[in-house]
Amino acid sequence: MENNTKKDGAQQKRKSGVRQWIYAVLACILCVLFVIWTGYWGVLILIPVFIDIYITKFIPWGAWRNAKNPHMRKVLDWVDAIVFALVGVWIINTFFFQNYQIPTSSLEKSLLVGDFLCVSKVSYGARSPMTPFSLPLMQHTFPVGGFKSYLEKPQLEYKRFAGTGHIERNDIVVFNYPSGDTVALNYQNGDYYGLAKRVGRDVVWNDKRTYGDVVYRPVDRRENYVKRCVGLPGETIELINDIVYINDKPIASPENMQLLYFIQTDGTEIAAKIFEELGASEDDYLYTNSMGQKMVYSFNPMGIEGADSLRLASLGFKYNNGSFGLAYQIPLTKAMVEKIKEKPFVLTVFPMNEFKKKAGIKRDVDNGDYVYPITWTQDCYSGDFPKIWIPKRGETIKFDTDVDYKVAAYIRCIKNYEHNDFDYRDGKVYINGQQADSYTFKYDYYFMMGDNRDNSADSRSWGFVPEDHVVGKPLFIWLSLDKDKGWFSGKIRWNRLFTSGNKK
């Protein structure tokens with residue numbers, strides 16, 4: 001009997017030993033594969049650690065499990081589990097996948113407010129952690145207390161590992177907000193540069209009671225944005241009448257692209273139910289202007305000077321039974337336009353940008369909405385954007401002609417993203433203290449736009465997206481919540497669950 005017991009113990013020990021060898025070999029193989037993928041050769045130091053943990057056991061890694069105090073042992077068990085989970089989440093979030101929630105309507109109706117996305121970082125290649133000491137699941141701030149969730153130092157150099165593909169035109173891309181390098185903490189949802197333009201930089205920096213501290217955020221700690229890539233490195237891009245031209249050729253618009261439209265009725269108010277059936281959110285059909293007024297006009301729309309009947313008719317509105325009725329301003333897709341036109345009380349539907357061109361209303365860069373320093377936007381109508389070349393890694397621009405234009409277009413790329421001292425005076429460019437007649441770009445850049453074209457802060461406002469800001473590609477929607485509905489009245493959009501997060 002005793003001999004049988006000894007044999008069972010020996011067999012169990014041998015089995016345990018085989019299992020430990022298997023664990024050790026698997027851990028070492030994964031470590032080597034990670035080094036091949038990332039090029040971080042220093043990680044190989046973990047191989048002797050794995051061998052000791054599973055086989056040699058010179059260091060008592062799990063000695064705390066033998067603590068005599070059961071309460072202490074229980075606490076340490078919890079600590080061990082929490083640390084293991086945090087490290088696992090950090091590795092997954094940093095190198096493989098990340099959760100992202102759609103906060104704004106800039107990509108409606110492709111992606112909706114309340115969509116939760118699984119974002120793949122391996123699709124374009126994961127970035128090395130530029131701020132390695134940070135807490136997982138927190139982009140930059142503790143949810144309680146407002147403290148930073150990361151240490152500013154050390155800052156590692158940008159490096160992107162091999163991915164399964166590259167950014168292609170019309171890909172929906174998650175990236176760090178380029179203009180989010182500087183933030184006024186009491187106005188985190190707004191653009192610092194637009195705020196400084198409106199009220200003055202000195203006011204923002206000195207009035208801490210109103211604007212809070214002004215802080216700098218590293219690239220990977222800036223807010224995450226999601227837009228559609230419409231322009232690739234080395235291409236020229238231009239918008240004419242809401243049509244995108246790449247290298248002087250028009251490209252197809254996204255299927256669910258929205259533009260602001262006027263809906264003119266015979267005086268009939270459009271009920272909320274009709275807007276809901278149309279697929280419009282409350283933010284759409286309760287759209288308000290900067291004065292907080294509901295965007296329903298009876299009449300004169302947008303305060304057009306001298307808007308008599310002839311003037312209104314020339315702007316596209318129809319006169320009906322002695323009245324112009326009511327006009328609604330609302331973002332619509334082409335399919336929604338056709339659907340609302342079928343209503344018997346609708347007189348006409350036409351784009352807001354068409355109206356503005358007829359009325360002679362150009363973009364107003366003085367209101368701070370356009371912080372990208374290209375001065376010529378003052379001469380642009382809404383729906384248009386001047387032709388511009390998108391920088392490409394290794395390609396060179398020369399400061400020989402149109403120097404004002406080139407400085408305005410690329411100063412942020414050269415100075416803020418590629419970290420050069422840049423000065424422009426007396427018509428001459430100085431880079432890192434030396435007069436320069438050319439510059440060769442270190443990064444690829446992308447031109448991003450929202451599908452909700454007239455309600456999107458994108459590359460038309462703050463410029464190009466550098467490659468080191470790219471986070472990843474949305475794979476699928478794992479949850480979708482309608483903020484306008486209750487839990488028992490359709491809050492969960494079941495038809496969107498596990499659908500593609502990269503809708504064309």
# chains A, B, ... in the order shown; residues from 1 in each chain; ligands from 1

call {"tool": "residues_around", "arguments": {"residues": "A:Ser309", "least_positions_apart": "4", "cutoff": "12 Å", "atoms": "only C-alpha atoms", "output": "list in words"}}
result
Phe299, Asn300, Ile304, Ala313, Ser314, Leu315, Gly316, Phe317, Lys318, Tyr319, Asn320, Gly322, Ser323, Phe324 and Gly325 of chain A

call {"tool": "residues_around", "arguments": {"residues": "A:Gly88", "least_positions_apart": "6", "cutoff": "12 Å", "atoms": "only C-alpha atoms", "output": "NGL selection string"}}
result
:A and (81-82 or 94-97 or 135-137)

call {"tool": "residues_around", "arguments": {"residues": "stretch 213-226 of chain A", "least_positions_apart": "4", "cutoff": "8 Å", "atoms": "only C-alpha atoms", "output": "list in words"}}
result
Ile102, Pro129, Met130, Thr131, Gln139, His140, Glu152, Ile172, Val173, Val174, Phe175, Asn176, Tyr177, Pro178, Gly180, Asp181, Thr182, Val183, Ala184, Leu185, Asn186, Val204, Trp205, Lys208, Asp468 and His469 of chain A

call {"tool": "atom_distance", "arguments": {"atom1": "atom CA of A:Ile167", "atom2": "atom CA of A:Met138"}}
result
25.9 Å

call {"tool": "closest_residue", "arguments": {"among": "A:Val346, A:Met448, A:Leu33, A:Leu259", "to": "A:Thr333", "atoms": "only C-alpha atoms"}}
result
A:Leu259

call {"tool": "closest_residue", "arguments": {"among": "A:Cys28, A:Tyr328, A:Ser382, A:Arg73", "to": "A:Ala271", "atoms": "only C-alpha atoms"}}
result
A:Tyr328

call {"tool": "closest_residue", "arguments": {"among": "A:Arg228, A:Lys121, A:Lys68, A:Arg160", "to": "A:Gly450", "atoms": "only C-alpha atoms"}}
result
A:Arg228

call {"tool": "select_by_dssp", "arguments": {"residues": "stretch 136-259 of chain A", "states": "alpha helix (DSSP H)", "output": "MDAnalysis selection string"}}
result
chainID A and resid 192:199 201:206 208:211

call {"tool": "write_last_selection", "arguments": {"atoms": "C-alpha atoms", "output": "mmCIF file, in the first residue's frame"}}
result
data_model
loop_
_atom_site.group_PDB
_atom_site.id
_atom_site.type_symbol
_atom_site.label_atom_id
_atom_site.label_comp_id
_atom_site.auth_asym_id
_atom_site.auth_seq_id
_atom_site.Cartn_x
_atom_site.Cartn_y
_atom_site.Cartn_z
ATOM 1 C CA TYR A 192 -7.231 75.224 -27.287
ATOM 2 C CA TYR A 193 -6.032 77.009 -30.435
ATOM 3 C CA GLY A 194 -9.561 78.036 -31.359
ATOM 4 C CA LEU A 195 -10.136 79.255 -27.798
ATOM 5 C CA ALA A 196 -6.878 81.229 -27.815
ATOM 6 C CA LYS A 197 -7.858 82.765 -31.140
ATOM 7 C CA ARG A 198 -11.263 83.869 -29.869
ATOM 8 C CA VAL A 199 -10.313 85.345 -26.487
ATOM 9 C CA ARG A 201 -3.695 83.544 -25.651
ATOM 10 C CA ASP A 202 -2.732 85.738 -22.684
ATOM 11 C CA VAL A 203 -6.300 85.656 -21.373
ATOM 12 C CA VAL A 204 -6.411 81.850 -21.516
ATOM 13 C CA TRP A 205 -3.057 81.482 -19.736
ATOM 14 C CA ASN A 206 -3.650 84.131 -17.067
ATOM 15 C CA LYS A 208 -6.929 80.190 -14.466
ATOM 16 C CA ARG A 209 -10.218 80.573 -12.618
ATOM 17 C CA THR A 210 -12.122 80.543 -15.911
ATOM 18 C CA TYR A 211 -9.947 78.389 -18.155
#

call {"tool": "select_by_dssp", "arguments": {"residues": "stretch 378-432 of chain A", "states": "strand (DSSP E or B)", "output": "list in words"}}
result
Tyr381, Phe385, Pro386, Lys387, Ile388, Trp389, Thr396, Ile397, Lys398, Phe422, Asp423, Tyr424, Arg425, Lys428, Val429, Tyr430 and Ile431 of chain A

call {"tool": "residues_around", "arguments": {"residues": "A:Phe447", "least_positions_apart": "4", "cutoff": "8 Å", "atoms": "only C-alpha atoms", "output": "ChimeraX atom specification"}}
result
/A:229-232,390,459,463-465

call {"tool": "atom_distance", "arguments": {"atom1": "atom CA of A:Asp242", "atom2": "atom CA of A:Trp462"}}
result
18.3 Å

call {"tool": "atom_distance", "arguments": {"atom1": "atom CA of A:Asp421", "atom2": "atom CA of A:Gly394"}}
result
19.2 Å

call {"tool": "closest_residue", "arguments": {"among": "A:Ser123, A:Ser128, A:Asn455, A:Ser179", "to": "A:Thr38", "atoms": "only C-alpha atoms"}}
result
A:Ser128

call {"tool": "closest_residue", "arguments": {"among": "A:Phe476, A:Val83, A:Lys503, A:Pro233", "to": "A:Asp115", "atoms": "only C-alpha atoms"}}
result
A:Phe476

call {"tool": "closest_residue", "arguments": {"among": "A:Ala162, A:Leu347, A:Ala85, A:Leu312", "to": "A:Gly39", "atoms": "only C-alpha atoms"}}
result
A:Ala162

call {"tool": "residues_around", "arguments": {"residues": "A:Ala67", "least_positions_apart": "6", "cutoff": "12 Å", "atoms": "only C-alpha atoms", "output": "PyMOL selection string"}}
result
chain A and resi 73-77
